[in-house]
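A.B. asks: Got a file for you: structure01.txt, compact mmCIF, C-alpha atoms and all ligand atoms.
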```txt
# COMPACT_ATOMS: atom_id res chain seq x y z
CA MET T 1 37.02 -56.84 -6.58
CA GLY T 2 40.25 -57.42 -8.49
CA GLU T 3 41.71 -54.70 -10.65
CA ARG T 4 40.41 -54.86 -14.17
CA LYS T 5 40.38 -52.47 -17.12
CA LEU T 6 36.68 -52.66 -17.94
CA TRP T 7 33.52 -52.91 -15.89
CA ASN T 8 31.98 -55.51 -18.21
CA ALA T 9 34.67 -56.87 -20.52
CA ALA T 10 32.43 -59.65 -21.88
CA ILE T 11 30.20 -57.04 -23.52
CA GLU T 12 32.56 -54.11 -23.96
CA GLU T 13 35.19 -56.20 -25.76
CA MET T 14 32.77 -58.37 -27.69
CA PRO T 15 34.01 -58.95 -31.27
CA PRO T 16 32.08 -56.74 -33.78
CA GLY T 17 30.42 -59.67 -35.57
CA GLN T 18 29.14 -61.18 -32.36
CA LEU T 19 27.96 -57.75 -31.18
CA ARG T 20 25.99 -57.22 -34.40
CA GLY T 21 24.34 -60.59 -33.80
CA LEU T 22 23.36 -59.63 -30.27
CA GLN T 23 22.07 -56.24 -31.48
CA LEU T 24 19.97 -57.82 -34.20
CA GLU T 25 18.50 -60.41 -31.85
CA ARG T 26 17.61 -57.74 -29.27
CA LEU T 27 16.35 -55.36 -31.95
CA ARG T 28 13.95 -57.90 -33.42
CA ALA T 29 12.58 -58.73 -29.97
CA GLN T 30 12.33 -55.01 -29.15
CA VAL T 31 10.43 -54.09 -32.31
CA ALA T 32 7.93 -56.91 -31.69
CA TYR T 33 7.58 -55.72 -28.09
CA ASN T 34 7.13 -52.08 -29.17
CA TYR T 35 4.51 -53.08 -31.72
CA ALA T 36 2.59 -55.15 -29.19
CA GLY T 37 2.84 -52.69 -26.31
CA SER T 38 2.58 -49.21 -27.84
CA LEU T 39 -0.43 -47.98 -29.77
CA HIS T 40 1.69 -45.20 -31.26
CA TYR T 41 4.34 -47.55 -32.63
CA ARG T 42 1.70 -49.94 -33.91
CA GLU T 43 -0.08 -47.16 -35.82
CA LYS T 44 3.22 -45.82 -37.11
CA MET T 45 4.47 -49.15 -38.40
CA ASP T 46 1.09 -50.06 -39.89
CA ALA T 47 1.06 -46.73 -41.74
CA ALA T 48 4.55 -47.46 -43.11
CA GLY T 49 3.46 -50.98 -44.09
CA ILE T 50 6.08 -52.71 -41.91
CA ALA T 51 5.39 -55.59 -39.58
CA PRO T 52 7.87 -56.70 -36.87
CA ALA T 53 8.35 -60.00 -38.74
CA ASP T 54 9.62 -58.06 -41.80
CA ILE T 55 12.74 -57.05 -39.87
CA ARG T 56 15.25 -59.79 -40.46
CA THR T 57 18.38 -57.64 -40.87
CA LEU T 58 19.63 -54.26 -39.69
CA GLU T 59 19.04 -53.05 -43.27
CA ASP T 60 15.34 -53.99 -43.04
CA TYR T 61 15.12 -51.91 -39.88
CA ALA T 62 16.01 -48.75 -41.85
CA HIS T 63 12.48 -48.84 -43.29
CA VAL T 64 10.99 -47.94 -39.91
CA PRO T 65 10.31 -44.16 -40.10
CA LEU T 66 12.42 -41.86 -37.92
CA MET T 67 10.97 -40.18 -34.84
CA ASP T 68 11.92 -36.69 -33.68
CA LYS T 69 11.29 -34.58 -30.60
CA ASP T 70 8.20 -32.94 -32.14
CA GLU T 71 6.64 -36.34 -32.71
CA HIS T 72 7.61 -37.32 -29.15
CA ARG T 73 5.80 -34.20 -27.83
CA ARG T 74 2.75 -34.83 -29.99
CA VAL T 75 2.52 -38.39 -28.68
CA GLN T 76 2.79 -37.13 -25.09
CA GLU T 77 0.04 -34.54 -25.68
CA ARG T 78 -2.27 -37.07 -27.30
CA SER T 79 -1.49 -39.56 -24.55
CA LEU T 80 -2.40 -37.02 -21.85
CA ALA T 81 -5.60 -36.07 -23.65
CA GLU T 82 -6.78 -39.61 -24.39
CA PHE T 83 -5.38 -41.65 -21.51
CA GLY T 84 -4.69 -39.12 -18.76
CA SER T 85 -1.03 -40.17 -18.69
CA PRO T 86 1.87 -38.61 -20.64
CA TYR T 87 3.45 -41.95 -21.51
CA ALA T 88 0.55 -44.36 -22.03
CA LEU T 89 0.97 -44.34 -25.81
CA LEU T 90 4.73 -44.85 -25.88
CA ALA T 91 5.61 -46.80 -22.76
CA CYS T 92 5.22 -50.48 -23.51
CA ALA T 93 5.28 -51.65 -19.90
CA PRO T 94 2.11 -51.40 -17.75
CA ALA T 95 1.88 -48.40 -15.42
CA ASP T 96 2.60 -50.51 -12.32
CA ARG T 97 6.04 -51.34 -13.72
CA ILE T 98 7.09 -47.72 -14.34
CA VAL T 99 9.36 -46.55 -11.51
CA ARG T 100 10.95 -43.32 -12.72
CA ILE T 101 10.40 -40.45 -15.12
CA SER T 102 13.16 -38.06 -16.07
CA ALA T 103 13.19 -35.40 -18.76
CA THR T 104 15.46 -33.79 -21.30
CA SER T 105 16.83 -30.39 -20.38
CA GLY T 106 15.32 -28.72 -23.47
CA THR T 107 14.49 -25.08 -22.85
CA THR T 108 11.66 -24.76 -25.36
CA GLY T 109 8.38 -26.64 -25.57
CA MET T 110 7.03 -29.48 -23.50
CA PRO T 111 9.80 -31.54 -21.84
CA THR T 112 10.18 -34.96 -23.44
CA LEU T 113 10.08 -37.78 -20.93
CA TYR T 114 12.20 -40.85 -20.38
CA THR T 115 10.07 -43.51 -18.74
CA VAL T 116 11.79 -46.44 -17.09
CA THR T 117 11.09 -49.69 -15.29
CA ALA T 118 13.33 -51.32 -12.67
CA HIS T 119 14.98 -53.29 -15.50
CA ASP T 120 15.78 -50.04 -17.36
CA VAL T 121 17.18 -48.46 -14.18
CA GLY T 122 19.55 -51.43 -14.10
CA VAL T 123 20.60 -50.74 -17.70
CA VAL T 124 21.27 -47.05 -16.96
CA ASN T 125 23.25 -47.93 -13.81
CA GLU T 126 25.36 -50.39 -15.78
CA MET T 127 26.22 -47.73 -18.38
CA HIS T 128 27.31 -45.18 -15.78
CA ALA T 129 29.47 -47.83 -14.14
CA ARG T 130 31.09 -48.72 -17.50
CA LYS T 131 31.95 -45.05 -18.14
CA TYR T 132 33.40 -44.14 -14.77
CA TRP T 133 35.26 -47.43 -14.48
CA ARG T 134 37.05 -46.68 -17.78
CA ALA T 135 38.12 -43.31 -16.35
CA GLY T 136 39.61 -44.99 -13.28
CA ILE T 137 36.88 -44.36 -10.70
CA ARG T 138 36.73 -47.16 -8.12
CA PRO T 139 34.95 -47.90 -4.83
CA GLY T 140 36.53 -45.59 -2.27
CA HIS T 141 36.40 -42.58 -4.59
CA THR T 142 33.98 -39.72 -3.89
CA MET T 143 32.32 -37.78 -6.71
CA LEU T 144 30.80 -34.33 -6.30
CA GLN T 145 27.83 -34.07 -8.63
CA ALA T 146 27.44 -30.33 -9.31
CA VAL T 147 24.82 -30.36 -12.05
CA SER T 148 21.14 -29.52 -12.13
CA LEU T 149 19.34 -32.24 -10.19
CA SER T 150 15.76 -31.21 -10.81
CA MET T 151 14.30 -33.66 -13.35
CA PHE T 152 17.48 -33.59 -15.45
CA THR T 153 18.50 -36.99 -16.84
CA GLY T 154 22.02 -36.24 -15.61
CA GLY T 155 20.60 -35.76 -12.11
CA LEU T 156 19.23 -38.65 -10.11
CA PRO T 157 19.94 -41.37 -12.72
CA LEU T 158 23.59 -40.40 -12.62
CA SER T 159 23.70 -40.43 -8.79
CA ASP T 160 22.23 -43.93 -8.91
CA GLY T 161 24.81 -45.11 -11.43
CA ILE T 162 27.73 -43.92 -9.31
CA GLN T 163 26.39 -45.86 -6.34
CA HIS T 164 25.97 -48.91 -8.57
CA LEU T 165 29.70 -48.80 -9.35
CA GLY T 166 30.33 -48.69 -5.63
CA ALA T 167 31.80 -45.19 -5.53
CA CYS T 168 30.39 -42.48 -3.27
CA VAL T 169 28.28 -39.69 -4.75
CA VAL T 170 27.75 -36.28 -3.15
CA PRO T 171 24.72 -34.99 -5.08
CA VAL T 172 25.16 -31.34 -4.12
CA GLY T 173 23.44 -30.05 -7.27
CA ILE T 174 23.71 -26.46 -8.45
CA GLU T 175 20.31 -25.30 -7.29
CA GLY T 176 21.84 -24.27 -3.94
CA GLY T 177 24.38 -21.99 -5.61
CA THR T 178 28.16 -21.88 -5.94
CA ARG T 179 28.86 -21.31 -2.25
CA ARG T 180 27.11 -24.55 -1.37
CA VAL T 181 29.12 -26.46 -4.01
CA LEU T 182 32.37 -25.07 -2.57
CA GLU T 183 31.25 -25.77 0.98
CA PHE T 184 30.62 -29.45 0.21
CA ALA T 185 33.81 -29.70 -1.84
CA GLN T 186 35.72 -28.64 1.25
CA LEU T 187 33.68 -30.74 3.66
CA THR T 188 33.59 -34.06 1.77
CA ARG T 189 36.97 -33.84 -0.06
CA PRO T 190 35.76 -35.49 -3.29
CA HIS T 191 38.19 -36.98 -5.80
CA ALA T 192 36.08 -36.06 -8.82
CA LEU T 193 33.86 -33.21 -9.96
CA ILE T 194 30.97 -33.67 -12.38
CA ALA T 195 29.85 -30.34 -13.87
CA THR T 196 29.26 -28.43 -17.06
CA PRO T 197 32.50 -27.01 -18.48
CA SER T 198 31.17 -23.48 -18.06
CA PHE T 199 30.40 -24.09 -14.38
CA GLY T 200 33.92 -25.50 -13.98
CA LEU T 201 35.48 -22.36 -15.47
CA TYR T 202 33.24 -20.25 -13.26
CA LEU T 203 34.39 -22.15 -10.14
CA ILE T 204 38.03 -21.58 -11.08
CA ASP T 205 37.30 -17.85 -11.31
CA GLU T 206 35.35 -17.78 -8.07
CA CYS T 207 38.19 -19.47 -6.17
CA ARG T 208 40.63 -16.92 -7.58
CA LYS T 209 38.39 -14.02 -6.51
CA ALA T 210 37.96 -15.46 -3.02
CA GLY T 211 41.33 -14.24 -1.75
CA GLY T 212 43.57 -15.54 -4.52
CA ARG T 213 43.04 -19.22 -3.68
CA SER T 214 43.42 -21.81 -6.36
CA ALA T 215 40.78 -24.29 -7.48
CA ARG T 216 43.66 -26.80 -7.35
CA ASP T 217 43.40 -26.69 -3.55
CA LEU T 218 40.01 -28.40 -3.85
CA GLY T 219 41.96 -31.55 -4.67
CA PHE T 220 39.93 -32.91 -7.59
CA ARG T 221 41.80 -35.54 -9.61
CA TRP T 222 39.06 -35.88 -12.24
CA PHE T 223 36.81 -33.36 -13.96
CA PHE T 224 33.89 -34.93 -15.83
CA CYS T 225 32.31 -32.57 -18.35
CA VAL T 226 28.62 -33.02 -18.96
CA GLY T 227 25.72 -31.24 -20.61
CA GLU T 228 27.63 -28.91 -22.97
CA PRO T 229 29.85 -29.22 -26.04
CA GLY T 230 32.80 -27.52 -24.23
CA GLY T 231 34.03 -30.91 -22.98
CA GLY T 232 35.33 -31.54 -26.50
CA ASN T 233 36.98 -28.14 -26.92
CA PRO T 234 40.78 -28.35 -26.40
CA THR T 235 41.06 -24.75 -25.12
CA ILE T 236 38.35 -25.25 -22.50
CA ARG T 237 39.74 -28.68 -21.60
CA ARG T 238 43.19 -27.15 -21.04
CA GLN T 239 41.73 -24.38 -18.84
CA LEU T 240 39.87 -26.96 -16.74
CA ALA T 241 42.89 -29.26 -16.47
CA ASP T 242 45.19 -26.42 -15.42
CA GLY T 243 42.63 -24.71 -13.20
CA PHE T 244 41.80 -27.82 -11.17
CA GLY T 245 44.99 -29.81 -11.70
CA ALA T 246 42.72 -32.66 -12.83
CA ARG T 247 42.33 -35.12 -15.69
CA VAL T 248 39.49 -34.00 -17.94
CA PHE T 249 36.90 -36.37 -19.40
CA ASP T 250 33.91 -35.60 -21.57
CA HIS T 251 30.92 -37.87 -21.17
CA THR T 252 27.29 -38.15 -22.16
CA GLY T 253 24.24 -40.20 -21.18
CA GLY T 254 21.73 -39.72 -18.41
CA GLY T 255 18.55 -41.65 -17.79
CA HIS T 256 18.44 -43.41 -21.16
CA ALA T 257 20.48 -45.90 -23.19
CA PHE T 258 22.89 -43.74 -25.22
CA HIS T 259 26.17 -43.38 -23.28
CA GLY T 260 29.74 -42.44 -24.11
CA ILE T 261 32.96 -41.25 -22.49
CA SER T 262 36.11 -39.73 -23.93
CA CYS T 263 39.57 -41.31 -23.80
CA ASP T 264 42.10 -40.82 -21.04
CA GLU T 265 44.13 -38.28 -23.02
CA PRO T 266 45.88 -34.90 -22.67
CA PRO T 267 43.44 -31.98 -22.52
CA ASP T 268 44.70 -30.50 -25.80
CA GLU T 269 43.67 -33.64 -27.60
CA TYR T 270 40.15 -34.88 -28.08
CA LYS T 271 39.45 -38.05 -29.99
CA GLY T 272 35.73 -38.07 -29.21
CA MET T 273 33.75 -40.32 -26.91
CA HIS T 274 33.71 -44.11 -26.92
CA PHE T 275 30.21 -45.49 -27.32
CA VAL T 276 29.80 -47.78 -24.30
CA SER T 277 26.19 -48.99 -24.64
CA PRO T 278 25.97 -50.87 -27.97
CA ASP T 279 24.19 -53.82 -26.33
CA HIS T 280 21.30 -51.59 -25.24
CA CYS T 281 21.29 -48.90 -27.92
CA LEU T 282 21.51 -49.31 -31.67
CA LEU T 283 23.34 -46.33 -33.13
CA GLU T 284 22.87 -45.29 -36.77
CA ILE T 285 23.78 -42.22 -38.80
CA VAL T 286 21.62 -40.91 -41.64
CA ASP T 287 21.91 -38.20 -44.27
CA PRO T 288 20.28 -35.16 -42.62
CA HIS T 289 18.39 -34.20 -45.79
CA LYS T 290 17.67 -37.44 -47.61
CA ARG T 291 17.29 -39.27 -44.27
CA GLN T 292 18.85 -42.39 -45.77
CA PRO T 293 21.30 -44.47 -43.71
CA ILE T 294 25.00 -43.69 -44.04
CA GLU T 295 27.45 -46.52 -43.51
CA MET T 296 29.35 -46.22 -40.21
CA THR T 297 32.83 -46.07 -41.70
CA ASP T 298 35.83 -44.39 -40.10
CA GLY T 299 35.26 -40.60 -40.18
CA ALA T 300 31.67 -40.72 -41.53
CA VAL T 301 29.36 -37.81 -40.61
CA GLY T 302 25.58 -37.95 -40.36
CA GLU T 303 22.59 -37.28 -38.20
CA MET T 304 22.54 -39.41 -35.09
CA VAL T 305 19.68 -41.89 -34.82
CA PHE T 306 19.36 -44.23 -31.88
CA SER T 307 17.07 -47.03 -30.80
CA PHE T 308 16.86 -48.55 -27.37
CA ILE T 309 17.18 -52.32 -27.46
CA ASP T 310 16.30 -54.47 -24.44
CA TRP T 311 14.31 -51.57 -22.93
CA GLU T 312 10.94 -51.91 -21.20
CA GLY T 313 9.60 -48.47 -20.23
CA GLY T 314 9.44 -45.89 -23.02
CA PRO T 315 11.66 -47.48 -25.69
CA LEU T 316 12.69 -44.85 -28.24
CA MET T 317 12.76 -46.29 -31.75
CA ARG T 318 14.87 -44.67 -34.53
CA TYR T 319 14.97 -41.45 -32.55
CA ALA T 320 16.66 -38.50 -34.28
CA LEU T 321 17.49 -35.50 -32.11
CA GLY T 322 19.05 -33.36 -34.84
CA ASP T 323 22.64 -33.86 -33.68
CA LEU T 324 25.34 -34.29 -36.31
CA LEU T 325 27.69 -37.05 -35.37
CA GLN T 326 31.10 -38.00 -36.71
CA VAL T 327 32.11 -41.60 -36.03
CA TRP T 328 35.38 -43.52 -36.03
CA THR T 329 35.50 -47.27 -36.21
CA ALA T 330 39.29 -47.84 -36.31
CA PRO T 331 40.92 -48.97 -33.03
CA CYS T 332 41.62 -46.03 -30.72
CA PRO T 333 45.20 -45.25 -29.61
CA CYS T 334 43.94 -45.14 -25.99
CA GLY T 335 43.33 -48.90 -26.18
CA MET T 336 39.69 -48.72 -25.07
CA PRO T 337 37.12 -50.61 -27.15
CA GLY T 338 34.06 -49.16 -28.85
CA VAL T 339 33.20 -46.95 -31.80
CA ARG T 340 34.09 -43.32 -31.12
CA PHE T 341 31.88 -40.34 -31.88
CA LYS T 342 31.95 -36.56 -31.70
CA ILE T 343 28.91 -34.34 -31.81
CA VAL T 344 29.97 -31.91 -34.53
CA GLY T 345 26.90 -29.70 -34.80
CA ARG T 346 23.18 -29.52 -35.37
CA THR T 347 21.45 -30.60 -38.55
CA ASP T 348 19.61 -27.23 -38.58
CA ASP T 349 23.00 -25.54 -39.11
CA MET T 350 24.08 -27.78 -41.96
CA LEU T 351 24.58 -26.16 -45.36
CA ILE T 352 24.89 -27.62 -48.83
CA VAL T 353 27.32 -25.85 -51.15
CA LYS T 354 27.53 -27.38 -54.65
CA GLY T 355 26.57 -30.76 -53.27
CA ALA T 356 29.08 -30.62 -50.41
CA ASN T 357 27.67 -30.89 -46.88
CA VAL T 358 29.23 -28.13 -44.78
CA TYR T 359 28.63 -27.55 -41.09
CA PRO T 360 29.77 -24.51 -39.07
CA GLU T 361 31.65 -26.58 -36.51
CA ALA T 362 33.89 -27.96 -39.28
CA ILE T 363 34.63 -24.41 -40.45
CA ARG T 364 35.47 -23.35 -36.92
CA LYS T 365 37.77 -26.33 -36.46
CA LEU T 366 39.58 -25.63 -39.71
CA LEU T 367 40.00 -21.92 -38.91
CA LEU T 368 41.44 -22.74 -35.49
CA GLU T 369 44.33 -24.53 -37.22
CA PHE T 370 45.41 -21.04 -38.30
CA ALA T 371 45.34 -19.47 -34.81
CA PRO T 372 46.78 -17.06 -33.71
CA ARG T 373 46.72 -15.58 -37.25
CA VAL T 374 42.93 -15.78 -36.93
CA THR T 375 41.03 -15.32 -33.67
CA GLY T 376 38.71 -18.23 -34.42
CA HIS T 377 35.68 -15.91 -34.45
CA PHE T 378 33.76 -15.94 -37.70
CA ARG T 379 30.33 -15.77 -39.29
CA ILE T 380 28.75 -17.41 -42.30
CA ARG T 381 26.80 -14.85 -44.32
CA LEU T 382 23.80 -16.10 -46.28
CA ARG T 383 21.32 -14.29 -48.55
CA ARG T 384 18.54 -16.59 -47.38
CA PRO T 385 18.27 -19.44 -44.88
CA GLY T 386 19.92 -22.76 -45.85
CA PRO T 387 20.50 -25.52 -46.33
CA ALA T 388 21.12 -24.79 -50.04
CA VAL T 389 23.69 -22.02 -50.57
CA ASP T 390 24.61 -20.34 -53.87
CA PRO T 391 28.40 -20.59 -54.14
CA PRO T 392 30.70 -19.20 -53.05
CA LEU T 393 30.03 -19.61 -49.35
CA ARG T 394 30.76 -16.21 -47.82
CA LEU T 395 32.68 -16.07 -44.55
CA ARG T 396 33.55 -13.12 -42.33
CA VAL T 397 36.70 -13.97 -40.42
CA GLU T 398 38.69 -12.06 -37.81
CA THR T 399 42.44 -11.84 -38.41
CA SER T 400 45.33 -10.17 -36.62
CA GLU T 401 47.34 -9.88 -39.86
CA ALA T 402 47.71 -6.49 -41.55
CA ASP T 403 47.90 -8.11 -44.99
CA PRO T 404 46.01 -11.41 -44.92
CA SER T 405 46.52 -12.26 -48.63
CA ALA T 406 48.98 -15.12 -47.99
CA LEU T 407 46.78 -16.40 -45.16
CA GLU T 408 43.80 -16.27 -47.51
CA SER T 409 45.40 -18.53 -50.12
CA GLU T 410 46.51 -21.01 -47.47
CA LEU T 411 43.06 -21.04 -45.93
CA ILE T 412 41.26 -21.54 -49.21
CA ALA T 413 43.60 -24.41 -50.11
CA ARG T 414 42.76 -26.09 -46.79
CA PHE T 415 39.02 -25.48 -47.35
CA ARG T 416 39.24 -27.07 -50.81
CA ALA T 417 41.13 -30.09 -49.52
CA GLU T 418 39.15 -30.64 -46.35
CA LEU T 419 35.59 -29.44 -47.02
CA ARG T 420 35.49 -29.33 -50.86
CA ILE T 421 34.50 -25.65 -50.92
CA ALA T 422 36.28 -22.41 -51.88
CA PRO T 423 34.77 -19.72 -49.67
CA ALA T 424 34.85 -15.98 -50.30
CA ILE T 425 36.42 -14.38 -47.25
CA GLU T 426 35.78 -10.92 -45.85
CA TRP T 427 38.52 -10.04 -43.35
CA LEU T 428 37.71 -8.28 -40.10
CA ALA T 429 39.87 -6.83 -37.32
CA PRO T 430 40.00 -8.80 -34.04
CA GLU T 431 37.09 -8.17 -31.65
CA THR T 432 34.77 -7.01 -34.48
CA LEU T 433 32.25 -9.81 -34.10
CA PRO T 434 30.02 -9.92 -31.03
CA ARG T 435 31.06 -12.45 -28.37
CA GLU T 436 28.20 -14.51 -27.05
CA ALA T 437 28.34 -16.01 -23.59
CA HIS T 438 26.65 -19.27 -24.49
CA LYS T 439 26.05 -20.72 -27.90
CA THR T 440 27.38 -18.64 -30.77
CA LYS T 441 25.12 -18.42 -33.81
CA TYR T 442 27.56 -18.76 -36.68
CA ILE T 443 25.07 -18.04 -39.43
CA GLU T 444 23.95 -14.52 -40.34
CA ILE T 445 21.11 -13.94 -42.79
CA GLU T 446 21.41 -10.71 -44.74
CA GLY T 447 18.89 -8.05 -43.79
CA SER T 448 17.79 -9.81 -40.60
ZN ZN V 501 40.04 -43.78 -27.01
```
Could you render the structure from this file as structure tokens?
C.D. replies:
Amino acid sequence: MGERKLWNAAIEEMPPGQLRGLQLERLRAQVAYNYAGSLHYREKMDAAGIAPADIRTLEDYAHVPLMDKDEHRRVQERSLAEFGSPYALLACAPADRIVRISATSGTTGMPTLYTVTAHDVGVVNEMHARKYWRAGIRPGHTMLQAVSLSMFTGGLPLSDGIQHLGACVVPVGIEGGTRRVLEFAQLTRPHALIATPSFGLYLIDECRKAGGRSARDLGFRWFFCVGEPGGGNPTIRRQLADGFGARVFDHTGGGHAFHGISCDEPPDEYKGMHFVSPDHCLLEIVDPHKRQPIEMTDGAVGEMVFSFIDWEGGPLMRYALGDLLQVWTAPCPCGMPGVRFKIVGRTDDMLIVKGANVYPEAIRKLLLEFAPRVTGHFRIRLRRPGPAVDPPLRLRVETSEADPSALESELIARFRAELRIAPAIEWLAPETLPREAHKTKYIEIEGS
């Protein structure tokens, strides 16, 4: 295999116009297939008054109603009750073609299932190969997969994809504990580690505690972040890069068709992830409240909606998971092709202040520009749950400055310019706000 930049240049570097053509062709075939094969989709489209033949353009497709996780669960429940199978209503391929089921890692409610045929396994493998190839992984490299393996879409499907590229996977998992991960790191001498950022930081700490050794001695040249937003956080990326002496990549995509990987870039920078699966996944963004499509222009923000195209098993159609996505369409300085995206928050957290859409992650990012004058810890204080907020938006912000008045004017000017809001700021001393180990809830409701 000669050295090449991309796993599948013919697709990955396809000119945008040609790619749109391929997407439309596959989308139209997919919608007809979904309608013919899935009772749920047929009922849903009939109720909306749309027939597969009505979809002649990508704009026509926007009339197909969105689907969320609750609907997915309801379909699974009904499917179990009526057909004795969790996927009979959604999976368009007959049961004897289904070869694998994986599930989302959601902690509440019934797990939502990804149902795949041998063809779909091939699609998933291809996407993993595209991602790792871009990062420089080649046959001869060994990857230690230290993530949850049980049912997780980043478990077995990912192991399969690494083998498809021709690299060697050591699927140690995390179910056996940290000691087992370290044991196999020392025994198999992998070049790359795949883990959540928080597990990576924990390993660095554990190595230090175990007799002052360094995680650098493990010899990883790559750290692939998965499963958590920390892979896009410059501070965490820097800690991982320094702790392991490795290049840090963020990536997403398990046993389904939505896949992306970040650029090869210094840890303090993060330009988002390149979308690598446009030939098998149609990506849209919509207004989280009006649920109308937003044009994918450079820097646009909206709720992520995806549709699997050229998918046989359980093809998800206009699936909205509640993630807020920012997209960039301009060419990336790293030279890799593909639209870039960052997950910038959850639609549940989005607020509307005088018509401006404001999300906590954007506030956090803006505040961090002022570090170390602010600690970066803050809360949004609301009288009642959003999204609508009576102006001004009230923020509680930690500062190390004795007199923050100059800081306050600078901050408010930045808020006006960047987010089109002028918040009212209550200043707090450092370490006033509670630190939460996992996901910080930025919004406080008065009296609760
Ligand atoms: Zn890039």
A.B. asks: For chain T versus ligand ZN 501 (chain V), which residues have an atom no more than 12 Å away, and what is each residue's nearest atom pair and distance in Å rounded to one decimal, using only C-alpha atoms and all ligand atoms, chain-then-number order, as a Markdown table?
C.D. replies:
```
| residue | atom | partner | partner_atom | distance |
| --- | --- | --- | --- | --- |
| T:Arg134 | CA | V:ZN501 | ZN | 10.1 |
| T:Ala135 | CA | V:ZN501 | ZN | 10.8 |
| T:Phe249 | CA | V:ZN501 | ZN | 11.1 |
| T:Asp250 | CA | V:ZN501 | ZN | 11.6 |
| T:Gly260 | CA | V:ZN501 | ZN | 10.8 |
| T:Ile261 | CA | V:ZN501 | ZN | 8.8 |
| T:Ser262 | CA | V:ZN501 | ZN | 6.4 |
| T:Cys263 | CA | V:ZN501 | ZN | 4.1 |
| T:Asp264 | CA | V:ZN501 | ZN | 7.0 |
| T:Glu265 | CA | V:ZN501 | ZN | 7.9 |
| T:Pro266 | CA | V:ZN501 | ZN | 11.5 |
| T:Glu269 | CA | V:ZN501 | ZN | 10.8 |
| T:Tyr270 | CA | V:ZN501 | ZN | 9.0 |
| T:Lys271 | CA | V:ZN501 | ZN | 6.5 |
| T:Gly272 | CA | V:ZN501 | ZN | 7.5 |
| T:Met273 | CA | V:ZN501 | ZN | 7.2 |
| T:His274 | CA | V:ZN501 | ZN | 6.3 |
| T:Phe275 | CA | V:ZN501 | ZN | 10.0 |
| T:Val276 | CA | V:ZN501 | ZN | 11.3 |
| T:Trp328 | CA | V:ZN501 | ZN | 10.2 |
| T:Thr329 | CA | V:ZN501 | ZN | 10.8 |
| T:Ala330 | CA | V:ZN501 | ZN | 10.2 |
| T:Pro331 | CA | V:ZN501 | ZN | 8.0 |
| T:Cys332 | CA | V:ZN501 | ZN | 4.6 |
| T:Pro333 | CA | V:ZN501 | ZN | 6.0 |
| T:Cys334 | CA | V:ZN501 | ZN | 4.3 |
| T:Gly335 | CA | V:ZN501 | ZN | 6.1 |
| T:Met336 | CA | V:ZN501 | ZN | 5.3 |
| T:Pro337 | CA | V:ZN501 | ZN | 7.4 |
| T:Gly338 | CA | V:ZN501 | ZN | 8.3 |
| T:Val339 | CA | V:ZN501 | ZN | 8.9 |
| T:Arg340 | CA | V:ZN501 | ZN | 7.2 |
| T:Phe341 | CA | V:ZN501 | ZN | 10.1 |
| T:Lys342 | CA | V:ZN501 | ZN | 11.8 |
```
A.B. asks: Suppose you want the space between CA of Gly253 in chain T and CA of Glu59 in chain T; what is it in Å?
C.D. replies: 26.1 Å
A.B. asks: What is the distance between CA of Arg238 in chain T and CA of Ser277 in chain T, in Å to one decimal?
C.D. replies: 27.9 Å
A.B. asks: From (25.7, -57.1, -32.7), in the file's coordinates, out to 12 Å: which residues are reached, counting all atoms listed in the file? Answer as a list in words.
C.D. replies: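 Collected hits near the coordinates: Ile11, Glu12, Glu13, Met14, Pro15, Pro16, Gly17, Gln18, Leu19, Arg20, Gly21, Leu22, Gln23, Leu24, Glu25, Arg26, Leu27, Arg28, Thr57, Leu58, Ser277, Pro278, Asp279, His280, Cys281, Leu282, Leu283 and Ile309 of chain T.
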A.B. asks: Please produce a file of those selected residues containing C-alpha atoms, as an mmCIF file, keeping the file's coordinate frame.
C.D. replies:
```cif
data_model
loop_
_atom_site.group_PDB
_atom_site.id
_atom_site.type_symbol
_atom_site.label_atom_id
_atom_site.label_comp_id
_atom_site.auth_asym_id
_atom_site.auth_seq_id
_atom_site.Cartn_x
_atom_site.Cartn_y
_atom_site.Cartn_z
ATOM 1 C CA ILE T 11 30.200 -57.040 -23.520
ATOM 2 C CA GLU T 12 32.560 -54.110 -23.960
ATOM 3 C CA GLU T 13 35.190 -56.200 -25.760
ATOM 4 C CA MET T 14 32.770 -58.370 -27.690
ATOM 5 C CA PRO T 15 34.010 -58.950 -31.270
ATOM 6 C CA PRO T 16 32.080 -56.740 -33.780
ATOM 7 C CA GLY T 17 30.420 -59.670 -35.570
ATOM 8 C CA GLN T 18 29.140 -61.180 -32.360
ATOM 9 C CA LEU T 19 27.960 -57.750 -31.180
ATOM 10 C CA ARG T 20 25.990 -57.220 -34.400
ATOM 11 C CA GLY T 21 24.340 -60.590 -33.800
ATOM 12 C CA LEU T 22 23.360 -59.630 -30.270
ATOM 13 C CA GLN T 23 22.070 -56.240 -31.480
ATOM 14 C CA LEU T 24 19.970 -57.820 -34.200
ATOM 15 C CA GLU T 25 18.500 -60.410 -31.850
ATOM 16 C CA ARG T 26 17.610 -57.740 -29.270
ATOM 17 C CA LEU T 27 16.350 -55.360 -31.950
ATOM 18 C CA ARG T 28 13.950 -57.900 -33.420
ATOM 19 C CA THR T 57 18.380 -57.640 -40.870
ATOM 20 C CA LEU T 58 19.630 -54.260 -39.690
ATOM 21 C CA SER T 277 26.190 -48.990 -24.640
ATOM 22 C CA PRO T 278 25.970 -50.870 -27.970
ATOM 23 C CA ASP T 279 24.190 -53.820 -26.330
ATOM 24 C CA HIS T 280 21.300 -51.590 -25.240
ATOM 25 C CA CYS T 281 21.290 -48.900 -27.920
ATOM 26 C CA LEU T 282 21.510 -49.310 -31.670
ATOM 27 C CA LEU T 283 23.340 -46.330 -33.130
ATOM 28 C CA ILE T 309 17.180 -52.320 -27.460
#
```
